[in-house]
Every structure is written in C-alpha cells, then in structure tokens.
file start-v2.pdb (PDB, C-alpha atoms, pLDDT in the B column)
ATOM      1  CA  ASN T 129     -32.436 -11.821 -12.999  1.00 86.00           C
ATOM      2  CA  LEU T 130     -34.065  -9.603 -15.549  1.00 92.00           C
ATOM      3  CA  SER T 131     -33.060  -9.209 -19.167  1.00 93.00           C
ATOM      4  CA  CYS T 132     -32.089  -5.782 -20.500  1.00 93.00           C
ATOM      5  CA  GLU T 133     -35.384  -5.530 -22.338  1.00 92.00           C
ATOM      6  CA  GLU T 134     -37.347  -6.284 -19.170  1.00 94.00           C
ATOM      7  CA  VAL T 135     -35.437  -3.634 -17.214  1.00 93.00           C
ATOM      8  CA  VAL T 136     -36.022  -1.013 -19.919  1.00 91.00           C
ATOM      9  CA  LYS T 137     -39.725  -1.860 -19.961  1.00 92.00           C
ATOM     10  CA  LEU T 138     -39.935  -1.884 -16.154  1.00 91.00           C
ATOM     11  CA  LEU T 139     -38.316   1.570 -15.967  1.00 89.00           C
ATOM     12  CA  ASP T 140     -40.524   2.873 -18.775  1.00 88.00           C
ATOM     13  CA  SER T 141     -37.509   3.936 -20.825  1.00 90.00           C
ATOM     14  CA  ASP T 142     -36.064   3.513 -24.307  1.00 89.00           C
ATOM     15  CA  ALA T 143     -32.882   1.465 -24.772  1.00 90.00           C
ATOM     16  CA  GLU T 144     -31.865   3.459 -27.848  1.00 91.00           C
ATOM     17  CA  LYS T 145     -32.654   7.037 -26.791  1.00 90.00           C
ATOM     18  CA  GLY T 146     -32.803   6.821 -23.006  1.00 90.00           C
ATOM     19  CA  LEU T 147     -34.992   9.289 -21.126  1.00 89.00           C
ATOM     20  CA  SER T 148     -36.005  12.680 -22.402  1.00 90.00           C
ATOM     21  CA  GLU T 149     -34.528  15.610 -20.495  1.00 92.00           C
ATOM     22  CA  LYS T 150     -37.938  16.456 -19.035  1.00 93.00           C
ATOM     23  CA  GLU T 151     -38.497  12.858 -17.903  1.00 91.00           C
ATOM     24  CA  ALA T 152     -35.014  12.753 -16.344  1.00 92.00           C
ATOM     25  CA  TRP T 153     -35.726  15.974 -14.379  1.00 94.00           C
ATOM     26  CA  ASP T 154     -39.138  14.705 -13.294  1.00 94.00           C
ATOM     27  CA  ARG T 155     -37.672  11.427 -12.049  1.00 93.00           C
ATOM     28  CA  GLN T 156     -34.847  13.235 -10.289  1.00 94.00           C
ATOM     29  CA  LYS T 157     -37.356  15.455  -8.472  1.00 95.00           C
ATOM     30  CA  LYS T 158     -39.492  12.467  -7.563  1.00 94.00           C
ATOM     31  CA  LEU T 159     -36.743   9.945  -6.691  1.00 92.00           C
ATOM     32  CA  GLY T 160     -33.784  12.168  -5.766  1.00 92.00           C
ATOM     33  CA  LEU T 161     -30.198  12.032  -6.938  1.00 92.00           C
ATOM     34  CA  ASN T 162     -28.637   8.710  -7.844  1.00 88.00           C
ATOM     35  CA  LEU T 163     -26.090   8.723  -5.012  1.00 91.00           C
ATOM     36  CA  LEU T 164     -24.843   6.036  -2.667  1.00 90.00           C
ATOM     37  CA  PRO T 165     -25.110   6.811   1.040  1.00 88.00           C
ATOM     38  CA  LYS T 166     -21.838   7.921   2.599  1.00 89.00           C
ATOM     39  CA  GLU T 167     -20.279   5.437   4.975  1.00 89.00           C
ATOM     40  CA  ARG T 168     -19.501   6.784   8.399  1.00 88.00           C
ATOM     41  CA  PRO T 169     -15.822   6.496   9.281  1.00 89.00           C
ATOM     42  CA  LEU T 170     -15.003   4.146  12.135  1.00 88.00           C
ATOM     43  CA  SER T 171     -14.259   5.786  15.463  1.00 92.00           C
ATOM     44  CA  ARG T 172     -11.013   4.994  17.260  1.00 89.00           C
ATOM     45  CA  LEU T 173     -12.973   2.941  19.779  1.00 90.00           C
ATOM     46  CA  MET T 174     -14.579   0.851  17.021  1.00 90.00           C
ATOM     47  CA  ILE T 175     -11.178   0.309  15.378  1.00 88.00           C
ATOM     48  CA  PHE T 176      -9.852  -0.852  18.758  1.00 84.00           C
ATOM     49  CA  PHE T 177     -12.647  -3.414  19.135  1.00 87.00           C
ATOM     50  CA  GLU T 178     -12.460  -4.474  15.466  1.00 88.00           C
ATOM     51  CA  GLN T 179      -8.837  -5.543  15.883  1.00 85.00           C
ATOM     52  CA  PHE T 180      -9.885  -8.256  18.327  1.00 86.00           C
ATOM     53  CA  LYS T 181     -11.380 -10.187  15.415  1.00 90.00           C
ATOM     54  CA  SER T 182      -7.815 -11.068  14.405  1.00 89.00           C
ATOM     55  CA  PRO T 183      -6.194 -14.163  15.955  1.00 92.00           C
ATOM     56  CA  LEU T 184      -2.818 -12.400  15.846  1.00 91.00           C
ATOM     57  CA  ILE T 185      -4.020  -9.984  18.534  1.00 90.00           C
ATOM     58  CA  TYR T 186      -4.807 -12.880  20.865  1.00 92.00           C
ATOM     59  CA  ILE T 187      -1.342 -14.345  20.262  1.00 94.00           C
ATOM     60  CA  LEU T 188       0.264 -10.993  21.080  1.00 93.00           C
ATOM     61  CA  VAL T 189      -1.803 -10.573  24.261  1.00 93.00           C
ATOM     62  CA  ILE T 190      -0.837 -14.076  25.426  1.00 95.00           C
ATOM     63  CA  ALA T 191       2.806 -13.364  24.569  1.00 96.00           C
ATOM     64  CA  GLY T 192       2.613 -10.133  26.567  1.00 95.00           C
ATOM     65  CA  ILE T 193       1.216 -11.960  29.590  1.00 96.00           C
ATOM     66  CA  VAL T 194       3.933 -14.633  29.365  1.00 97.00           C
ATOM     67  CA  VAL T 195       6.633 -11.963  29.102  1.00 97.00           C
ATOM     68  CA  LEU T 196       5.149 -10.179  32.135  1.00 95.00           C
ATOM     69  CA  PHE T 197       5.263 -13.469  34.026  1.00 94.00           C
ATOM     70  CA  PHE T 198       9.026 -13.606  33.393  1.00 94.00           C
ATOM     71  CA  GLN T 199       9.308  -9.948  34.490  1.00 94.00           C
ATOM     72  CA  LYS T 200      10.567  -8.659  31.145  1.00 93.00           C
ATOM     73  CA  PHE T 201       8.730  -5.366  31.511  1.00 94.00           C
ATOM     74  CA  THR T 202      10.354  -3.593  28.560  1.00 95.00           C
ATOM     75  CA  ASP T 203       9.367  -6.416  26.224  1.00 95.00           C
ATOM     76  CA  ALA T 204       5.849  -6.456  27.670  1.00 95.00           C
ATOM     77  CA  ILE T 205       5.487  -2.700  27.118  1.00 95.00           C
ATOM     78  CA  VAL T 206       6.550  -3.100  23.486  1.00 95.00           C
ATOM     79  CA  ILE T 207       4.141  -6.015  22.894  1.00 94.00           C
ATOM     80  CA  PHE T 208       1.174  -4.333  24.569  1.00 92.00           C
ATOM     81  CA  GLY T 209       2.063  -1.082  22.825  1.00 92.00           C
ATOM     82  CA  ALA T 210       1.696  -2.884  19.502  1.00 89.00           C
ATOM     83  CA  VAL T 211      -1.678  -4.317  20.537  1.00 85.00           C
ATOM     84  CA  PHE T 212      -3.188  -1.230  22.106  1.00 80.00           C
TER      85      PHE T 212
END

call {"tool": "encode", "arguments": {"input": "start-v2.pdb", "output": "structure tokens"}}
result
Amino acid sequence: NLSCEEVVKLLDSDAEKGLSEKEAWDRQKKLGLNLLPKERPLSRLMIFFEQFKSPLIYILVIAGIVVLFFQKFTDAIVIFGAVF
C-alpha cells in the first residue's frame, strides 16, 4: 500500500492544487477517459446454466423426477416449469 504522498508523487501531481487544466487534458488524450468497462449482460442461456450452481435446483430436479415416478404429471410440470 502506498501513502497519499507517495501516490501524489508517483502521479506527478499536487495534493493541494491537483492538475492544471492543460495537464488534465494532456493526460486524458494520452490515457483516455477514466471509465470502467461496461459489463456485458448475461444471455438467457448463461442465466440458465448459472442457476445450476444452486443446490436448490438439484433438489427441485430430484423432486420432479420422484413426482414423475409416481405419475403426478401436473405436479411434475409445475416443478420443472419452476426449474426451467
């Protein structure tokens, strides 16, 4: 970890006055805007696969299979509908 003084010195700045307007423009041209990269939204397929990280999904799938075994098709449709 660096102290505030070390950071100011490393960035060749002034803790009291900051950068001059010209220096700020020059750095912006050289380094670009100070923006975070935009995160790509998850696709529906990725969301589908991400849900399988949850143990609850496995419990629901097993419950759906058990319900199918007992031929309760309406219940199975509801359970699998919740999962998928």

call {"tool": "residues_around", "arguments": {"input": "start-v2.pdb", "residues": "Ala143 of chain T", "least_positions_apart": "3", "cutoff": "8 Å", "atoms": "only C-alpha atoms", "output": "MDAnalysis selection string"}}
result
chainID T and resid 133 136 146

call {"tool": "atom_distance", "arguments": {"input": "start-v2.pdb", "atom1": "atom CA of Ala191 of chain T", "atom2": "atom CA of Gly209 of chain T"}}
result
12.4 Å

call {"tool": "closest_residue", "arguments": {"input": "start-v2.pdb", "among": "T:Gly192, T:Phe212, T:Leu138, T:Leu130", "to": "Arg172 of chain T", "atoms": "all atoms listed in the file"}}
result
T:Phe212

call {"tool": "closest_residue", "arguments": {"input": "start-v2.pdb", "among": "T:Ser141, T:Ala152, T:Val211, T:Thr202", "to": "Phe180 of chain T", "atoms": "all atoms listed in the file"}}
result
T:Val211

call {"tool": "residues_around", "arguments": {"input": "start-v2.pdb", "residues": "Val194 of chain T", "least_positions_apart": "6", "cutoff": "12 Å", "atoms": "all atoms listed in the file", "output": "mmCIF file with C-alpha atoms, in the coordinates of the input"}}
result
data_model
loop_
_atom_site.group_PDB
_atom_site.id
_atom_site.type_symbol
_atom_site.label_atom_id
_atom_site.label_comp_id
_atom_site.auth_asym_id
_atom_site.auth_seq_id
_atom_site.Cartn_x
_atom_site.Cartn_y
_atom_site.Cartn_z
ATOM 1 C CA ILE T 187 -1.342 -14.345 20.262
ATOM 2 C CA LEU T 188 0.264 -10.993 21.080
ATOM 3 C CA LYS T 200 10.567 -8.659 31.145
ATOM 4 C CA PHE T 201 8.730 -5.366 31.511
ATOM 5 C CA ASP T 203 9.367 -6.416 26.224
ATOM 6 C CA ALA T 204 5.849 -6.456 27.670
ATOM 7 C CA ILE T 207 4.141 -6.015 22.894
ATOM 8 C CA PHE T 208 1.174 -4.333 24.569
#

call {"tool": "atom_distance", "arguments": {"input": "start-v2.pdb", "atom1": "atom CA of Ser148 of chain T", "atom2": "atom CA of Leu161 of chain T"}}
result
16.5 Å

call {"tool": "atom_distance", "arguments": {"input": "start-v2.pdb", "atom1": "atom CA of Leu139 of chain T", "atom2": "atom CA of Leu159 of chain T"}}
result
12.6 Å

call {"tool": "closest_residue", "arguments": {"input": "start-v2.pdb", "among": "T:Glu134, T:Lys150, T:Asn129, T:Ala210", "to": "Leu184 of chain T", "atoms": "all atoms listed in the file"}}
result
T:Ala210

call {"tool": "axis_aligned_box", "arguments": {"input": "start-v2.pdb", "around": "segment 171-188 of chain T", "padding_each_side": "4 Å", "output": "AutoDock Vina command-line options"}}
result
--center_x -7.2 --center_y -4.3 --center_z 17.7 --size_x 22.8 --size_y 28.1 --size_z 14.7

call {"tool": "build_atoms", "arguments": {"input": "start-v2.pdb", "residues": "segment 147-182 of chain T", "atoms": "N, CA and C atoms", "output": "compact mmCIF listing (two decimals), in the frame of the given file"}}
result
# COMPACT_ATOMS: atom_id res chain seq x y z
N LEU T 147 -33.89 8.44 -21.58
CA LEU T 147 -34.99 9.29 -21.13
C LEU T 147 -34.89 10.66 -21.77
N SER T 148 -36.03 11.29 -21.95
CA SER T 148 -36.01 12.68 -22.40
C SER T 148 -35.50 13.53 -21.24
N GLU T 149 -35.05 14.73 -21.55
CA GLU T 149 -34.53 15.61 -20.50
C GLU T 149 -35.61 15.93 -19.47
N LYS T 150 -36.84 16.16 -19.94
CA LYS T 150 -37.94 16.46 -19.04
C LYS T 150 -38.22 15.27 -18.13
N GLU T 151 -38.24 14.06 -18.70
CA GLU T 151 -38.50 12.86 -17.90
C GLU T 151 -37.38 12.64 -16.87
N ALA T 152 -36.14 12.90 -17.28
CA ALA T 152 -35.01 12.75 -16.34
C ALA T 152 -35.16 13.72 -15.18
N TRP T 153 -35.52 14.99 -15.45
CA TRP T 153 -35.73 15.97 -14.38
C TRP T 153 -36.89 15.58 -13.48
N ASP T 154 -37.97 15.12 -14.09
CA ASP T 154 -39.14 14.70 -13.29
C ASP T 154 -38.78 13.55 -12.36
N ARG T 155 -38.06 12.57 -12.88
CA ARG T 155 -37.67 11.43 -12.05
C ARG T 155 -36.68 11.84 -10.95
N GLN T 156 -35.81 12.78 -11.29
CA GLN T 156 -34.85 13.24 -10.29
C GLN T 156 -35.57 13.97 -9.16
N LYS T 157 -36.57 14.77 -9.51
CA LYS T 157 -37.36 15.46 -8.47
C LYS T 157 -38.12 14.46 -7.61
N LYS T 158 -38.68 13.45 -8.27
CA LYS T 158 -39.49 12.47 -7.56
C LYS T 158 -38.64 11.50 -6.74
N LEU T 159 -37.53 11.01 -7.31
CA LEU T 159 -36.74 9.94 -6.69
C LEU T 159 -35.46 10.43 -6.02
N GLY T 160 -35.03 11.65 -6.34
CA GLY T 160 -33.78 12.17 -5.77
C GLY T 160 -32.59 11.81 -6.63
N LEU T 161 -31.43 12.29 -6.20
CA LEU T 161 -30.20 12.03 -6.94
C LEU T 161 -29.80 10.57 -6.82
N ASN T 162 -29.10 10.10 -7.81
CA ASN T 162 -28.64 8.71 -7.84
C ASN T 162 -27.28 8.63 -7.14
N LEU T 163 -27.31 8.73 -5.81
CA LEU T 163 -26.09 8.72 -5.01
C LEU T 163 -26.13 7.60 -3.99
N LEU T 164 -24.96 7.03 -3.72
CA LEU T 164 -24.84 6.04 -2.67
C LEU T 164 -24.72 6.75 -1.33
N PRO T 165 -25.27 6.18 -0.27
CA PRO T 165 -25.11 6.81 1.04
C PRO T 165 -23.65 6.79 1.46
N LYS T 166 -23.22 7.85 2.14
CA LYS T 166 -21.84 7.92 2.60
C LYS T 166 -21.67 7.04 3.82
N GLU T 167 -20.57 6.28 3.83
CA GLU T 167 -20.28 5.44 4.97
C GLU T 167 -19.65 6.29 6.06
N ARG T 168 -20.09 6.06 7.28
CA ARG T 168 -19.50 6.78 8.40
C ARG T 168 -18.14 6.19 8.70
N PRO T 169 -17.13 7.04 8.92
CA PRO T 169 -15.82 6.50 9.28
C PRO T 169 -15.87 5.85 10.66
N LEU T 170 -15.04 4.83 10.85
CA LEU T 170 -15.00 4.15 12.14
C LEU T 170 -14.32 5.03 13.18
N SER T 171 -14.88 5.04 14.37
CA SER T 171 -14.26 5.79 15.46
C SER T 171 -13.05 5.00 15.96
N ARG T 172 -12.20 5.67 16.72
CA ARG T 172 -11.01 4.99 17.26
C ARG T 172 -11.42 3.83 18.16
N LEU T 173 -12.50 4.01 18.90
CA LEU T 173 -12.97 2.94 19.78
C LEU T 173 -13.42 1.72 18.97
N MET T 174 -14.13 1.96 17.87
CA MET T 174 -14.58 0.85 17.02
C MET T 174 -13.39 0.15 16.37
N ILE T 175 -12.38 0.91 15.96
CA ILE T 175 -11.18 0.31 15.38
C ILE T 175 -10.50 -0.57 16.42
N PHE T 176 -10.45 -0.08 17.67
CA PHE T 176 -9.85 -0.85 18.76
C PHE T 176 -10.56 -2.19 18.92
N PHE T 177 -11.90 -2.17 18.95
CA PHE T 177 -12.65 -3.41 19.14
C PHE T 177 -12.60 -4.30 17.89
N GLU T 178 -12.52 -3.70 16.71
CA GLU T 178 -12.46 -4.47 15.47
C GLU T 178 -11.18 -5.31 15.39
N GLN T 179 -10.10 -4.81 15.98
CA GLN T 179 -8.84 -5.54 15.88
C GLN T 179 -8.88 -6.87 16.63
N PHE T 180 -9.81 -7.02 17.57
CA PHE T 180 -9.88 -8.26 18.33
C PHE T 180 -10.55 -9.39 17.54
N LYS T 181 -10.89 -9.12 16.29
CA LYS T 181 -11.38 -10.19 15.42
C LYS T 181 -10.21 -10.97 14.82
N SER T 182 -9.00 -10.43 14.97
CA SER T 182 -7.82 -11.07 14.40
C SER T 182 -7.16 -12.00 15.42
